[in-house]
Amino acid sequence: MTARNTVGPVIARRNAEASGALIGYLPVGFPTLDESVDAAVALVENGVDVLELGLPYSDPVMDGPVIQAATQQALANGFRLADGFEAVRRVTERVDAPVLIMTYWNPVVQYGVERFADDLAAAGGAGLITPDLIPDEGADWIAASERTGLDRVFLAAPTSSDVRIAQAVEASRGFVYAVSTMGITGARSDVDDAARTLVARLQEAGAPASCVGLGISTAAQVSEVLEYAEGAIVGSALVKALADGGVQAAGELAAELARGTRAE
């Protein structure tokens, strides 16, 4: 069994034909399961190259207030892990963009690592972003993703040691998620300059692609990030647009953000 669509070739293509890749995050089940699927499709139809679908979790320690509120609503609406696979399947039936699941590690362990990998691949998913799993504790997932052909995205932060940077580069497949600012996620007025240094360290360690997330909310910031990174990740701003104006507003923001990927 292999994943339907993987991330690496898409990021490489977007760096060849434009200034880089735009990656958009939305939580599954917010405001409803159907609307979360429609919103994800709208992002791709408006210029997002890779999707991150977040699995709502009861203890979202890394998420800012906008995403926390959305995921808590999804949980209150009765979100179940199976909804994540259904969302991936429904999205990949409608658009060709790779779909990554963003999830804390505990739900994967509770579900069963091998079973999770099989069900994600069967749904057409590209792989996992695991924000709280470090590579030297990820042997089970590395083995399962090797077997199923799924991408695996580990995080690196400005405070990461050289050893940790090297581990993230070696273990990741698709890209390394460069956390631009320390602390929780959320749109900020400017993107931390530490991201440039972090991406340079990842490149020196041999990362084929580094994508910067946490704090990006405008086309100008997307463009700025793509001057030095292979991808820009937008989350809170898209979730807020969906919360405030529905699927249409999320799509309109995606179109605006995609302007930042256009090579001059």
# chains A, B, ... in the order shown; residues from 1 in each chain; ligands from 1
$ residues_around --residues "Arg115 of chain A" --least-positions-apart "5" --cutoff "12 Å" --atoms "only C-alpha atoms" --output "PyMOL selection string"
chain A and resi 82+85+107-110+120-122+140-141+144-145+147-148
$ write_last_selection --atoms "N, CA, C and O atoms" --output "PDB file, in the first residue's frame"
ATOM      1  N   ALA A  82     -11.903   8.647  13.395  1.00  0.00           N
ATOM      2  CA  ALA A  82     -12.335   8.163  12.075  1.00  0.00           C
ATOM      3  C   ALA A  82     -12.731   9.307  11.161  1.00  0.00           C
ATOM      4  O   ALA A  82     -12.619   9.192   9.925  1.00  0.00           O
ATOM      5  N   PHE A  85      -9.803  10.415   8.901  1.00  0.00           N
ATOM      6  CA  PHE A  85      -9.577   9.614   7.692  1.00  0.00           C
ATOM      7  C   PHE A  85     -10.663   9.891   6.653  1.00  0.00           C
ATOM      8  O   PHE A  85     -10.381   9.949   5.457  1.00  0.00           O
ATOM      9  N   PRO A 107      -2.879  10.304  20.230  1.00  0.00           N
ATOM     10  CA  PRO A 107      -3.983   9.661  19.510  1.00  0.00           C
ATOM     11  C   PRO A 107      -3.517   8.572  18.541  1.00  0.00           C
ATOM     12  O   PRO A 107      -4.233   7.576  18.341  1.00  0.00           O
ATOM     13  N   VAL A 108      -2.341   8.729  17.961  1.00  0.00           N
ATOM     14  CA  VAL A 108      -1.826   7.710  17.044  1.00  0.00           C
ATOM     15  C   VAL A 108      -1.506   6.435  17.820  1.00  0.00           C
ATOM     16  O   VAL A 108      -1.837   5.320  17.384  1.00  0.00           O
ATOM     17  N   VAL A 109      -0.873   6.602  18.975  1.00  0.00           N
ATOM     18  CA  VAL A 109      -0.542   5.444  19.804  1.00  0.00           C
ATOM     19  C   VAL A 109      -1.809   4.737  20.265  1.00  0.00           C
ATOM     20  O   VAL A 109      -1.902   3.495  20.239  1.00  0.00           O
ATOM     21  N   GLN A 110      -2.791   5.514  20.697  1.00  0.00           N
ATOM     22  CA  GLN A 110      -4.043   4.919  21.169  1.00  0.00           C
ATOM     23  C   GLN A 110      -4.756   4.159  20.057  1.00  0.00           C
ATOM     24  O   GLN A 110      -5.369   3.116  20.287  1.00  0.00           O
ATOM     25  N   LEU A 120      -4.542   5.808   7.038  1.00  0.00           N
ATOM     26  CA  LEU A 120      -4.219   7.084   6.405  1.00  0.00           C
ATOM     27  C   LEU A 120      -3.827   6.869   4.944  1.00  0.00           C
ATOM     28  O   LEU A 120      -4.270   7.605   4.058  1.00  0.00           O
ATOM     29  N   ALA A 121      -3.009   5.862   4.687  1.00  0.00           N
ATOM     30  CA  ALA A 121      -2.622   5.573   3.309  1.00  0.00           C
ATOM     31  C   ALA A 121      -3.830   5.166   2.471  1.00  0.00           C
ATOM     32  O   ALA A 121      -3.979   5.592   1.325  1.00  0.00           O
ATOM     33  N   ALA A 122      -4.719   4.358   3.058  1.00  0.00           N
ATOM     34  CA  ALA A 122      -5.908   3.914   2.335  1.00  0.00           C
ATOM     35  C   ALA A 122      -6.824   5.084   1.989  1.00  0.00           C
ATOM     36  O   ALA A 122      -7.516   5.062   0.964  1.00  0.00           O
ATOM     37  N   ASP A 140       8.722   3.612  15.915  1.00  0.00           N
ATOM     38  CA  ASP A 140       7.524   2.902  15.457  1.00  0.00           C
ATOM     39  C   ASP A 140       6.909   3.599  14.252  1.00  0.00           C
ATOM     40  O   ASP A 140       6.497   2.953  13.281  1.00  0.00           O
ATOM     41  N   TRP A 141       6.856   4.918  14.312  1.00  0.00           N
ATOM     42  CA  TRP A 141       6.269   5.661  13.202  1.00  0.00           C
ATOM     43  C   TRP A 141       7.185   5.644  11.983  1.00  0.00           C
ATOM     44  O   TRP A 141       6.717   5.517  10.837  1.00  0.00           O
ATOM     45  N   ALA A 144       6.594   2.341  10.347  1.00  0.00           N
ATOM     46  CA  ALA A 144       5.277   2.248   9.716  1.00  0.00           C
ATOM     47  C   ALA A 144       5.211   3.101   8.452  1.00  0.00           C
ATOM     48  O   ALA A 144       4.601   2.708   7.443  1.00  0.00           O
ATOM     49  N   SER A 145       5.839   4.270   8.491  1.00  0.00           N
ATOM     50  CA  SER A 145       5.803   5.150   7.322  1.00  0.00           C
ATOM     51  C   SER A 145       6.690   4.617   6.203  1.00  0.00           C
ATOM     52  O   SER A 145       6.385   4.793   5.021  1.00  0.00           O
ATOM     53  N   ARG A 147       7.052   1.440   5.609  1.00  0.00           N
ATOM     54  CA  ARG A 147       6.272   0.342   5.040  1.00  0.00           C
ATOM     55  C   ARG A 147       5.168   0.846   4.121  1.00  0.00           C
ATOM     56  O   ARG A 147       4.888   0.242   3.073  1.00  0.00           O
ATOM     57  N   THR A 148       4.542   1.958   4.470  1.00  0.00           N
ATOM     58  CA  THR A 148       3.378   2.443   3.732  1.00  0.00           C
ATOM     59  C   THR A 148       3.695   3.543   2.727  1.00  0.00           C
ATOM     60  O   THR A 148       2.830   3.944   1.954  1.00  0.00           O
TER      61      THR A 148
END
$ residues_around --residues "Ile11 of chain A" --least-positions-apart "5" --cutoff "12 Å" --atoms "only C-alpha atoms" --output "VMD selection string"
chain A and resid 5 to 6 16 to 23 48 to 51 97 to 98 173 to 176 208 to 211 226 229 to 232 261
$ select_by_dssp --residues "segment 32-231 of chain A" --states "strand (DSSP E)" --output "VMD selection string"
chain A and resid 50 to 54 99 to 102 127 to 129 151 to 153 155 to 156 176 to 179 210 to 213 231
$ residues_around --residues "Thr71 of chain A" --least-positions-apart "5" --cutoff "8 Å" --atoms "only C-alpha atoms" --output "number ranges by chain"
A: 27-30, 55-57
$ select_by_dssp --residues "segment 142-238 of chain A" --states "alpha helix (DSSP H)" --output "PyMOL selection string"
chain A and resi 142-148+162-171+194-204+219-225+236-238
$ atom_distance --atom1 "atom CA of Glu114 of chain A" --atom2 "atom CA of Glu52 of chain A"
20.7 Å
$ residues_around --residues "segment 247-260 of chain A" --least-positions-apart "4" --cutoff "12 Å" --atoms "only C-alpha atoms" --output "ChimeraX atom specification"
/A:14,18-26,30-32,34-51,216-227,231-243,264
$ residues_around --residues "Ala126 of chain A" --least-positions-apart "6" --cutoff "7 Å" --atoms "only C-alpha atoms" --output "list of chain:residue names"
A:Ala3, A:Arg4, A:Asn5, A:Thr6, A:Val7, A:Pro98, A:Val99, A:Leu100, A:Leu150, A:Asp151
$ atom_distance --atom1 "atom CA of Ala207 of chain A" --atom2 "atom CA of Ala157 of chain A"
14.1 Å
$ closest_residue --among "A:Arg152, A:Arg262, A:Arg164, A:Arg201" --to "Asp136 of chain A" --atoms "only C-alpha atoms"
A:Arg164
